$ cat upload04.cif   # mmCIF, C-alpha atoms
data_coords
loop_
_atom_site.label_atom_id
_atom_site.label_comp_id
_atom_site.auth_asym_id
_atom_site.auth_seq_id
_atom_site.Cartn_x
_atom_site.Cartn_y
_atom_site.Cartn_z
CA MET Z 240 117.05 97.69 130.33
CA ASP Z 241 117.36 95.11 127.55
CA GLN Z 242 120.03 92.74 128.87
CA GLN Z 243 120.93 91.38 125.43
CA SER Z 244 121.37 94.63 123.54
CA GLY Z 245 122.12 96.97 126.45
CA LYS Z 246 119.61 99.56 125.29
CA THR Z 247 116.83 101.23 127.24
CA VAL Z 248 113.32 101.37 125.82
CA PHE Z 249 111.57 104.63 126.71
CA VAL Z 250 107.91 105.22 127.52
CA PRO Z 251 106.12 108.39 126.30
CA VAL Z 252 104.78 110.55 129.14
CA MET Z 253 101.76 112.86 128.95
CA ASP Z 254 100.87 115.68 131.33
CA ARG Z 255 97.73 115.59 133.45
CA ASP Z 256 95.69 117.14 130.64
CA GLY Z 257 96.49 114.13 128.44
CA LYS Z 258 97.53 116.43 125.59
CA THR Z 259 100.93 117.88 126.49
CA PRO Z 260 103.87 115.50 125.89
CA LEU Z 261 106.72 115.49 128.39
CA MET Z 262 110.15 113.90 128.19
CA PRO Z 263 109.93 110.07 127.96
CA THR Z 264 110.84 107.92 130.92
CA THR Z 265 112.19 104.42 131.50
CA PRO Z 266 109.87 101.41 131.92
CA SER Z 267 111.02 100.86 135.52
CA ARG Z 268 110.10 104.40 136.53
CA ALA Z 269 106.81 104.17 134.66
CA ARG Z 270 105.99 100.97 136.59
CA ARG Z 271 106.71 102.72 139.90
CA TRP Z 272 104.46 105.60 138.95
CA ILE Z 273 101.63 103.24 137.99
CA LYS Z 274 102.00 101.17 141.16
CA SER Z 275 101.93 104.26 143.39
CA GLY Z 276 99.00 105.81 141.52
CA GLU Z 277 101.08 108.73 140.22
CA ALA Z 278 100.39 107.77 136.60
CA THR Z 279 97.78 105.95 134.50
CA PRO Z 280 98.83 103.60 131.69
CA PHE Z 281 97.22 103.69 128.25
CA PHE Z 282 97.92 102.73 124.65
CA LYS Z 283 97.95 105.22 121.81
CA LYS Z 284 97.83 103.50 118.41
CA GLY Z 285 99.94 100.58 119.51
CA LEU Z 286 102.41 102.43 121.72
CA PHE Z 287 102.39 102.06 125.52
CA CYS Z 288 102.24 105.44 127.30
CA VAL Z 289 101.58 106.86 130.76
CA ARG Z 290 99.62 109.93 131.85
CA LEU Z 291 100.68 111.69 135.04
CA ASN Z 292 98.09 112.15 137.75
CA ARG Z 293 100.14 114.86 139.47
CA ALA Z 294 102.12 117.91 138.46
CA PRO Z 295 105.45 116.96 136.82
CA SER Z 296 108.65 117.61 138.73
CA GLY Z 297 109.98 119.55 135.76
CA ARG Z 298 108.87 120.70 132.35
CA GLU Z 299 112.29 121.21 130.77
CA THR Z 300 112.68 119.40 127.47
CA GLN Z 301 115.59 118.57 125.20
CA PRO Z 302 115.63 119.13 121.42
CA ILE Z 303 113.91 116.13 119.85
CA ALA Z 304 113.76 115.46 116.11
CA ALA Z 305 111.08 113.45 114.31
CA THR Z 306 112.33 112.55 110.83
CA ALA Z 307 110.90 110.80 107.78
CA ASP Z 308 112.33 108.89 104.86
CA PRO Z 309 109.52 108.85 102.24
CA GLY Z 310 109.17 105.88 99.92
CA SER Z 311 106.85 104.56 97.24
CA LYS Z 312 105.86 101.41 99.19
CA ARG Z 313 107.61 101.59 102.57
CA GLU Z 314 108.69 104.54 104.70
CA GLY Z 315 110.84 105.12 107.76
CA PHE Z 316 110.32 107.46 110.74
CA THR Z 317 112.60 108.11 113.71
CA VAL Z 318 112.21 110.05 116.97
CA LYS Z 319 115.58 110.95 118.49
CA SER Z 320 117.25 113.30 120.94
CA LYS Z 321 120.98 113.81 121.39
CA ALA Z 322 121.09 111.13 124.09
CA HIS Z 323 118.59 108.51 122.92
CA THR Z 324 116.70 107.04 119.98
CA TYR Z 325 113.16 106.80 121.29
CA LEU Z 326 111.34 105.16 118.39
CA ASN Z 327 111.81 103.78 114.88
CA VAL Z 328 108.67 103.34 112.77
CA HIS Z 329 108.55 101.22 109.61
CA ALA Z 330 105.35 102.17 107.76
CA GLU Z 331 103.59 100.93 104.66
CA ALA Z 332 102.64 103.68 102.23
CA VAL Z 333 99.09 104.35 101.03
CA THR Z 334 99.07 102.91 97.51
CA TRP Z 335 95.46 101.99 96.72
CA VAL Z 336 93.76 105.38 96.24
CA LYS Z 337 94.50 105.77 92.52
CA ASP Z 338 92.88 102.42 91.65
CA ALA Z 339 89.94 103.12 93.98
CA VAL Z 340 89.23 106.48 92.33
CA LYS Z 341 89.41 104.87 88.88
CA THR Z 342 86.97 102.13 89.91
CA ARG Z 343 84.59 104.69 91.40
CA SER Z 344 84.63 106.66 88.17
CA GLU Z 345 83.93 103.56 86.08
CA MET Z 346 81.04 102.51 88.31
CA ARG Z 347 79.45 105.96 88.22
CA ARG Z 348 79.74 105.97 84.45
CA GLY Z 349 78.19 102.52 84.24
CA ARG Z 350 75.23 103.41 86.45
CA ARG Z 351 74.15 106.11 84.01
CA PHE Z 352 73.32 103.41 81.47
CA ARG Z 353 71.25 101.33 83.90
CA ASN Z 354 67.89 101.91 85.51
CA THR Z 355 69.37 102.82 88.89
CA PRO Z 356 69.70 105.99 90.97
CA CYS Z 357 72.73 108.05 90.07
CA ARG Z 358 73.96 111.60 90.36
CA LYS Z 359 73.60 113.93 87.40
CA PRO Z 360 76.76 114.30 85.30
CA GLY Z 361 78.58 117.44 86.29
CA PRO Z 362 81.72 119.24 85.21
CA SER Z 363 84.85 117.15 85.37
CA VAL Z 364 86.62 117.47 88.71
CA ALA Z 365 89.92 117.55 86.86
CA MET Z 366 88.86 120.78 85.13
CA MET Z 367 87.89 122.51 88.37
CA GLY Z 368 90.11 124.31 90.88
CA THR Z 369 93.52 125.83 90.45
CA GLU Z 370 96.71 124.63 88.81
CA LYS Z 371 97.98 123.26 92.12
CA ARG Z 372 95.03 120.95 92.71
CA MET Z 373 96.33 117.69 94.13
CA PRO Z 374 95.29 114.31 92.73
CA PRO Z 375 93.55 112.20 95.40
CA SER Z 376 96.31 109.58 95.38
CA THR Z 377 98.99 112.24 95.95
CA LYS Z 378 97.11 113.85 98.83
CA ALA Z 379 96.49 110.44 100.41
CA ARG Z 380 100.21 109.57 100.27
CA TRP Z 381 101.40 112.83 101.81
CA GLY Z 382 98.46 113.02 104.19
CA TRP Z 383 99.48 109.62 105.62
CA LYS Z 384 103.01 110.89 106.31
CA LEU Z 385 101.56 113.97 107.97
CA ARG Z 386 99.28 111.89 110.23
CA VAL Z 387 102.23 109.80 111.40
CA LEU Z 388 104.24 112.94 112.21
CA HIS Z 389 101.26 114.44 114.06
CA TRP Z 390 101.00 111.22 116.09
CA LEU Z 391 104.71 111.31 116.97
CA SER Z 392 104.49 114.99 117.90
CA ALA Z 393 101.55 114.22 120.19
CA LEU Z 394 103.62 111.60 122.06
CA PHE Z 395 107.00 113.33 122.25
CA PRO Z 396 107.91 117.03 122.69
CA VAL Z 397 109.18 117.32 119.13
CA THR Z 398 111.06 120.53 118.30
CA ASP Z 399 112.36 119.68 114.82
CA ILE Z 400 111.07 117.68 111.86
CA GLY Z 401 113.41 116.41 109.17
CA VAL Z 402 112.44 114.97 105.78
CA GLU Z 403 114.46 113.50 102.95
CA ASP Z 404 113.52 115.73 100.03
CA VAL Z 405 112.64 113.33 97.20
CA GLN Z 406 112.98 114.84 93.76
CA ALA Z 407 110.03 115.02 91.38
CA ALA Z 408 110.36 113.68 87.84
CA THR Z 409 110.95 116.58 85.48
CA ARG Z 410 110.19 117.07 81.78
CA LYS Z 411 112.87 118.58 79.65
CA GLY Z 412 111.97 122.04 78.41
CA LYS Z 413 108.72 122.19 80.41
CA ARG Z 414 109.52 124.41 83.36
CA LYS Z 415 105.86 125.21 84.03
CA TRP Z 416 105.03 121.49 84.38
CA ASN Z 417 107.99 120.88 86.64
CA VAL Z 418 107.04 123.68 89.04
CA SER Z 419 103.25 123.63 89.07
CA PHE Z 420 101.84 120.40 87.66
CA SER Z 421 104.08 117.58 88.83
CA PRO Z 422 101.92 115.67 91.36
CA LEU Z 423 104.95 114.89 93.51
CA GLN Z 424 106.07 118.51 93.59
CA VAL Z 425 102.58 119.76 94.44
CA GLY Z 426 102.26 117.12 97.16
CA LYS Z 427 105.63 118.04 98.67
CA ASP Z 428 104.79 121.74 98.73
CA TRP Z 429 101.51 121.04 100.55
CA PHE Z 430 103.24 118.64 102.99
CA TYR Z 431 106.02 121.08 103.88
CA GLU Z 432 103.55 123.92 104.39
CA GLU Z 433 101.47 121.77 106.77
CA ILE Z 434 104.59 120.90 108.78
CA ARG Z 435 105.52 124.58 109.13
CA ARG Z 436 102.04 125.20 110.55
CA MET Z 437 102.85 122.77 113.35
CA GLY Z 438 105.23 125.37 114.83
CA VAL Z 439 108.40 123.27 114.53
CA ARG Z 440 111.61 123.76 112.57
CA LEU Z 441 111.62 121.96 109.22
CA HIS Z 442 114.88 120.47 107.93
CA LEU Z 443 115.20 119.10 104.39
CA ARG Z 444 117.96 116.79 103.22
CA ALA Z 445 118.49 115.73 99.62
CA GLY Z 446 119.08 112.08 98.80
CA PHE Z 447 122.79 112.56 98.15
CA GLU Z 448 123.16 114.34 101.50
CA THR Z 449 121.53 111.41 103.30
CA LYS Z 450 123.89 108.99 101.56
CA ALA Z 451 126.88 111.12 102.54
CA LEU Z 452 125.71 110.99 106.17
CA ARG Z 453 125.38 107.21 106.02
CA ASP Z 454 128.88 106.87 104.56
CA ARG Z 455 130.29 109.20 107.18
CA LEU Z 456 128.79 107.11 110.00
CA GLY Z 457 129.63 103.79 108.38
CA LEU Z 458 125.99 102.70 108.08
CA ARG Z 459 124.67 100.61 105.21
CA LYS Z 460 121.28 100.64 103.54
CA THR Z 461 119.91 97.36 102.25
CA GLY Z 462 118.52 96.97 98.76
CA ARG Z 463 115.57 94.96 100.11
CA LYS Z 464 113.17 97.89 100.35
CA LEU Z 465 110.23 95.82 101.57
CA ALA Z 466 112.15 94.11 104.39
CA GLU Z 467 111.14 94.95 107.96
CA THR Z 468 114.69 95.85 109.01
CA PHE Z 469 116.31 99.01 110.32
CA ALA Z 470 118.58 99.13 107.26
CA ALA Z 471 115.67 99.36 104.81
CA HIS Z 472 114.34 102.88 105.54
CA CYS Z 473 114.84 103.83 109.19
CA VAL Z 474 118.60 104.07 108.69
CA ASP Z 475 117.98 107.14 106.52
CA SER Z 476 115.51 108.72 108.93
CA TRP Z 477 117.98 108.02 111.77
CA VAL Z 478 120.96 109.72 110.11
CA ILE Z 479 118.80 112.78 109.33
CA ALA Z 480 117.78 112.93 113.01
CA TRP Z 481 121.43 112.53 114.04
CA ASP Z 482 122.40 115.38 111.74
CA ILE Z 483 119.81 117.62 113.44
CA VAL Z 484 120.30 116.83 117.14
CA GLY Z 485 123.71 115.09 117.20
CA GLY Z 486 124.69 112.38 119.66
CA ASP Z 487 126.49 109.07 119.42
CA GLU Z 488 127.42 108.02 115.88
CA THR Z 489 126.05 104.48 116.35
CA PRO Z 490 122.29 103.86 116.58
CA ASP Z 491 121.45 102.90 120.17
CA ASN Z 492 118.04 101.49 119.22
CA ARG Z 493 117.28 99.58 116.00
CA ASP Z 494 113.98 98.01 117.05
CA LEU Z 495 111.01 98.75 114.80
CA LEU Z 496 107.35 99.48 115.30
CA CYS Z 497 105.82 98.34 112.00
CA ILE Z 498 102.50 99.92 111.06
CA GLN Z 499 100.14 99.50 108.13
CA PRO Z 500 97.11 101.73 107.52
CA ILE Z 501 93.77 99.94 107.76
CA ARG Z 502 91.85 100.40 104.56
CA PRO Z 503 88.18 101.00 105.32
CA HIS Z 504 85.79 100.12 102.50
CA ARG Z 505 83.86 103.33 102.04
CA ARG Z 506 80.11 103.10 101.63
CA GLN Z 507 79.12 102.32 98.05
CA LEU Z 508 75.74 102.34 96.38
CA HIS Z 509 76.12 98.58 95.89
CA ARG Z 510 78.70 95.88 95.24
CA LEU Z 511 80.62 96.00 92.01
CA GLN Z 512 79.28 92.63 90.81
CA PRO Z 513 75.60 91.59 90.99
CA GLN Z 514 74.43 88.51 92.91
CA LYS Z 515 72.05 85.85 91.59
CA GLY Z 516 69.04 87.38 89.93
CA GLY Z 517 70.94 90.57 89.11
CA VAL Z 518 70.56 91.95 92.64
CA ARG Z 519 73.37 94.25 93.77
CA LEU Z 520 73.70 94.32 97.56
CA PRO Z 521 74.75 97.43 99.51
CA TYR Z 522 78.40 97.46 100.48
CA GLY Z 523 80.89 99.29 102.67
CA GLY Z 524 80.68 101.86 105.43
CA THR Z 525 82.76 102.95 108.40
CA ARG Z 526 80.46 101.85 111.24
CA SER Z 527 79.77 98.33 112.49
CA HIS Z 528 76.86 98.15 114.96
CA GLY Z 529 78.07 101.12 117.01
CA PHE Z 530 81.80 100.54 116.56
CA LYS Z 531 83.95 102.58 114.23
CA ARG Z 532 85.75 100.18 111.93
CA GLY Z 533 89.36 99.68 112.91
CA SER Z 534 88.62 100.24 116.61
CA LEU Z 535 90.52 98.06 119.06
CA VAL Z 536 88.29 95.83 121.17
CA ARG Z 537 88.81 92.95 123.58
CA HIS Z 538 86.74 89.80 123.13
CA ALA Z 539 86.45 86.98 125.67
CA LYS Z 540 87.42 84.35 123.08
CA TRP Z 541 89.44 86.20 120.45
CA GLY Z 542 91.26 88.61 122.73
CA LEU Z 543 92.67 91.86 121.33
CA ALA Z 544 91.39 92.53 117.82
CA TYR Z 545 90.12 95.30 115.61
CA VAL Z 546 86.62 95.69 114.19
CA GLY Z 547 85.87 94.89 110.56
CA GLY Z 548 82.60 94.55 108.66
CA VAL Z 549 79.13 93.36 109.62
CA LEU Z 550 77.05 90.27 108.84
CA LYS Z 551 73.44 90.78 109.89
CA ASP Z 552 73.58 91.34 113.66
CA ARG Z 553 77.23 90.24 114.08
CA ILE Z 554 80.58 91.91 113.45
CA SER Z 555 83.89 90.55 112.20
CA LEU Z 556 87.11 90.76 114.18
CA HIS Z 557 90.60 90.87 112.69
CA HIS Z 558 94.10 90.12 113.98
CA ILE Z 559 95.87 93.34 114.97
CA GLU Z 560 99.20 92.32 113.41
CA ASN Z 561 98.42 90.73 110.06
CA GLY Z 562 94.77 91.70 109.48
CA LYS Z 563 93.61 88.06 109.22
CA ARG Z 564 89.92 87.70 109.96
CA LEU Z 565 89.39 85.86 113.23
CA THR Z 566 85.61 85.54 113.13
CA GLN Z 567 82.49 86.92 111.44
CA ASN Z 568 80.15 86.02 114.27
CA ALA Z 569 81.19 88.20 117.19
CA ARG Z 570 78.29 89.75 119.08
CA PRO Z 571 78.77 93.50 119.65
CA LYS Z 572 77.83 93.18 123.34
CA ASP Z 573 80.71 90.72 123.85
CA CYS Z 574 83.28 93.25 122.62
CA ARG Z 575 84.75 95.76 125.05
CA PHE Z 576 85.83 98.96 123.29
CA LEU Z 577 89.41 100.01 124.03
CA THR Z 578 90.36 102.82 121.67
CA PHE Z 579 89.98 104.14 118.16
CA ASN Z 580 92.60 102.91 115.73
CA ILE Z 581 93.66 103.54 112.12
CA TRP Z 582 96.44 101.01 111.53
CA ARG Z 583 97.70 97.50 112.19
CA PHE Z 584 100.94 97.21 114.12
CA HIS Z 585 103.57 94.82 115.39
CA CYS Z 586 107.10 95.11 116.77
CA VAL Z 587 110.31 93.75 115.28
CA ALA Z 588 113.26 93.49 117.67
CA HIS Z 589 116.76 94.01 116.30
CA THR Z 590 118.94 90.94 116.67
#
$ encode --input "upload04.cif" --output "structure tokens"
Amino acid sequence: MDQQSGKTVFVPVMDRDGKTPLMPTTPSRARRWIKSGEATPFFKKGLFCVRLNRAPSGRETQPIAATADPGSKREGFTVKSKAHTYLNVHAEAVTWVKDAVKTRSEMRRGRRFRNTPCRKPGPSVAMMGTEKRMPPSTKARWGWKLRVLHWLSALFPVTDIGVEDVQAATRKGKRKWNVSFSPLQVGKDWFYEEIRRMGVRLHLRAGFETKALRDRLGLRKTGRKLAETFAAHCVDSWVIAWDIVGGDETPDNRDLLCIQPIRPHRRQLHRLQPQKGGVRLPYGGTRSHGFKRGSLVRHAKWGLAYVGGVLKDRISLHHIENGKRLTQNARPKDCRFLTFNIWRFHCVAHT
């Protein structure tokens, strides 16, 4: 129990198979289980969890909602039951794909005019496929939201998923564009269909409905969209969850788990700019001397860190919270692998 705020932080619980989520428990009970050997502790993408080593005393679950407030740069997620708010996630959106695809296209075009290996020009990707083909940047944005919801559903026995239904920009007099070609509309349709395949109930709330819920509960949303505060985005995801499962009208947990996707530099033919003598060195990749980039490791000197790039026979390590490079000279044999990882994370306590 947090003595200052009076709230209880809950620990996700997994069944013996390590795949079936059970109802969360309190930290004190989790400690007793670990001490007696009834459970094994582990971390799953920054969140402390326990896995039972025995059959659970009960498998009954309560309705639990995982909800999302999409945004252009920051997003909010909440996991809540009628009795408790288990988790608030403040996430950074994937915003770099459009520029990366443009740079890739320019580099491929430039290689055709140099004496260097390149693929043969083919039909334009934009002219292939159906009308509902998604741009890469749109799929990356909605795919990120889907991965976060899959992660939450793997930790908690989620029965309902709620999403604030953002409206796509429309063009006057162009109904066909509005329905079939708007990237936002196409992305939403794909996202909602993937959620329905998860076997949970999908709840959509328009923006004005979310605002009405906030006003009804007396909650305010800050205009500082980039601030790591509950009132920036998680307040909207919380009121949607409250509307689905009910409960007390005041948030019992406003702490945040802030996550940011790690951007791996995909393997390129060479660097964008040549070195001295016109030599273009190879660049990128997702493996670093046996480690998948982004993996959490523990180093004797640098402690907990995640794996970055390579420099000859050494690897670089980065700070798990801010991504700052700690060293470029870590020997792979000095790094103990902990788990695969796809984002940076840190916690912000509500004061």
$ closest_residue --input "upload04.cif" --among "Z:Ser311, Z:Thr377, Z:Thr525, Z:Thr324" --to "Lys337 (chain Z)" --atoms "all atoms listed in the file"
Z:Thr377
$ closest_residue --input "upload04.cif" --among "Z:Gly285, Z:Gly524, Z:Pro263, Z:Pro396" --to "Val250 (chain Z)" --atoms "only C-alpha atoms"
Z:Pro263
$ closest_residue --input "upload04.cif" --among "Z:Lys384, Z:Arg290, Z:Arg255, Z:Arg435" --to "Asp399 (chain Z)" --atoms "all atoms listed in the file"
Z:Arg435
$ resolve_selection --input "upload04.cif" --expression "the PyMOL selection byres ((chain Z and resi 528-545) around 10)" --output "number ranges by chain"
Z: 284-285, 500-504, 524-527, 546-560, 562-566, 569-583
$ write_last_selection --input "upload04.cif" --atoms "C-alpha atoms" --output "short mmCIF file (atom, residue, chain, number, x, y, z; two decimals), in the frame of the given file"
data_model
loop_
_atom_site.label_atom_id
_atom_site.label_comp_id
_atom_site.auth_asym_id
_atom_site.auth_seq_id
_atom_site.Cartn_x
_atom_site.Cartn_y
_atom_site.Cartn_z
CA LYS Z 284 97.83 103.50 118.41
CA GLY Z 285 99.94 100.58 119.51
CA PRO Z 500 97.11 101.73 107.52
CA ILE Z 501 93.77 99.94 107.76
CA ARG Z 502 91.85 100.40 104.56
CA PRO Z 503 88.18 101.00 105.32
CA HIS Z 504 85.79 100.12 102.50
CA GLY Z 524 80.68 101.86 105.43
CA THR Z 525 82.76 102.95 108.40
CA ARG Z 526 80.46 101.85 111.24
CA SER Z 527 79.77 98.33 112.49
CA VAL Z 546 86.62 95.69 114.19
CA GLY Z 547 85.87 94.89 110.56
CA GLY Z 548 82.60 94.55 108.66
CA VAL Z 549 79.13 93.36 109.62
CA LEU Z 550 77.05 90.27 108.84
CA LYS Z 551 73.44 90.78 109.89
CA ASP Z 552 73.58 91.34 113.66
CA ARG Z 553 77.23 90.24 114.08
CA ILE Z 554 80.58 91.91 113.45
CA SER Z 555 83.89 90.55 112.20
CA LEU Z 556 87.11 90.76 114.18
CA HIS Z 557 90.60 90.87 112.69
CA HIS Z 558 94.10 90.12 113.98
CA ILE Z 559 95.87 93.34 114.97
CA GLU Z 560 99.20 92.32 113.41
CA GLY Z 562 94.77 91.70 109.48
CA LYS Z 563 93.61 88.06 109.22
CA ARG Z 564 89.92 87.70 109.96
CA LEU Z 565 89.39 85.86 113.23
CA THR Z 566 85.61 85.54 113.13
CA ALA Z 569 81.19 88.20 117.19
CA ARG Z 570 78.29 89.75 119.08
CA PRO Z 571 78.77 93.50 119.65
CA LYS Z 572 77.83 93.18 123.34
CA ASP Z 573 80.71 90.72 123.85
CA CYS Z 574 83.28 93.25 122.62
CA ARG Z 575 84.75 95.76 125.05
CA PHE Z 576 85.83 98.96 123.29
CA LEU Z 577 89.41 100.01 124.03
CA THR Z 578 90.36 102.82 121.67
CA PHE Z 579 89.98 104.14 118.16
CA ASN Z 580 92.60 102.91 115.73
CA ILE Z 581 93.66 103.54 112.12
CA TRP Z 582 96.44 101.01 111.53
CA ARG Z 583 97.70 97.50 112.19
#
$ closest_residue --input "upload04.cif" --among "Z:Val340, Z:Ala471, Z:Val402, Z:Ile498" --to "Ala304 (chain Z)" --atoms "all atoms listed in the file"
Z:Val402
$ atom_distance --input "upload04.cif" --atom1 "CA of Ser320 (chain Z)" --atom2 "CA of Gly276 (chain Z)"
28.5 Å
$ residues_around --input "upload04.cif" --residues "Ile273 (chain Z)" --least-positions-apart "5" --cutoff "12 Å" --atoms "all atoms listed in the file" --output "VMD selection string"
chain Z and resid 252 266 to 268 278 to 281 288 to 293
$ write_last_selection --input "upload04.cif" --atoms "C-alpha atoms" --output "PDB file, keeping the file's coordinate frame"
ATOM      1  CA  VAL Z 252     104.780 110.550 129.140  1.00  0.00           C
ATOM      2  CA  PRO Z 266     109.870 101.410 131.920  1.00  0.00           C
ATOM      3  CA  SER Z 267     111.020 100.860 135.520  1.00  0.00           C
ATOM      4  CA  ARG Z 268     110.100 104.400 136.530  1.00  0.00           C
ATOM      5  CA  ALA Z 278     100.390 107.770 136.600  1.00  0.00           C
ATOM      6  CA  THR Z 279      97.780 105.950 134.500  1.00  0.00           C
ATOM      7  CA  PRO Z 280      98.830 103.600 131.690  1.00  0.00           C
ATOM      8  CA  PHE Z 281      97.220 103.690 128.250  1.00  0.00           C
ATOM      9  CA  CYS Z 288     102.240 105.440 127.300  1.00  0.00           C
ATOM     10  CA  VAL Z 289     101.580 106.860 130.760  1.00  0.00           C
ATOM     11  CA  ARG Z 290      99.620 109.930 131.850  1.00  0.00           C
ATOM     12  CA  LEU Z 291     100.680 111.690 135.040  1.00  0.00           C
ATOM     13  CA  ASN Z 292      98.090 112.150 137.750  1.00  0.00           C
ATOM     14  CA  ARG Z 293     100.140 114.860 139.470  1.00  0.00           C
TER      15      ARG Z 293
END
$ resolve_selection --input "upload04.cif" --expression "the PyMOL selection byres ((chain Z and resi 447-450) around 9)" --output "NGL selection string"
:Z and (403 or 444-446 or 451-455 or 460 or 475-476 or 478-479)
$ resolve_selection --input "upload04.cif" --expression "the PyMOL selection byres ((chain Z and resi 395) around 7)" --output "count of residues only"
10
$ closest_residue --input "upload04.cif" --among "Z:Gly485, Z:Ala330, Z:Leu465, Z:Ile303" --to "Val439 (chain Z)" --atoms "only C-alpha atoms"
Z:Ile303
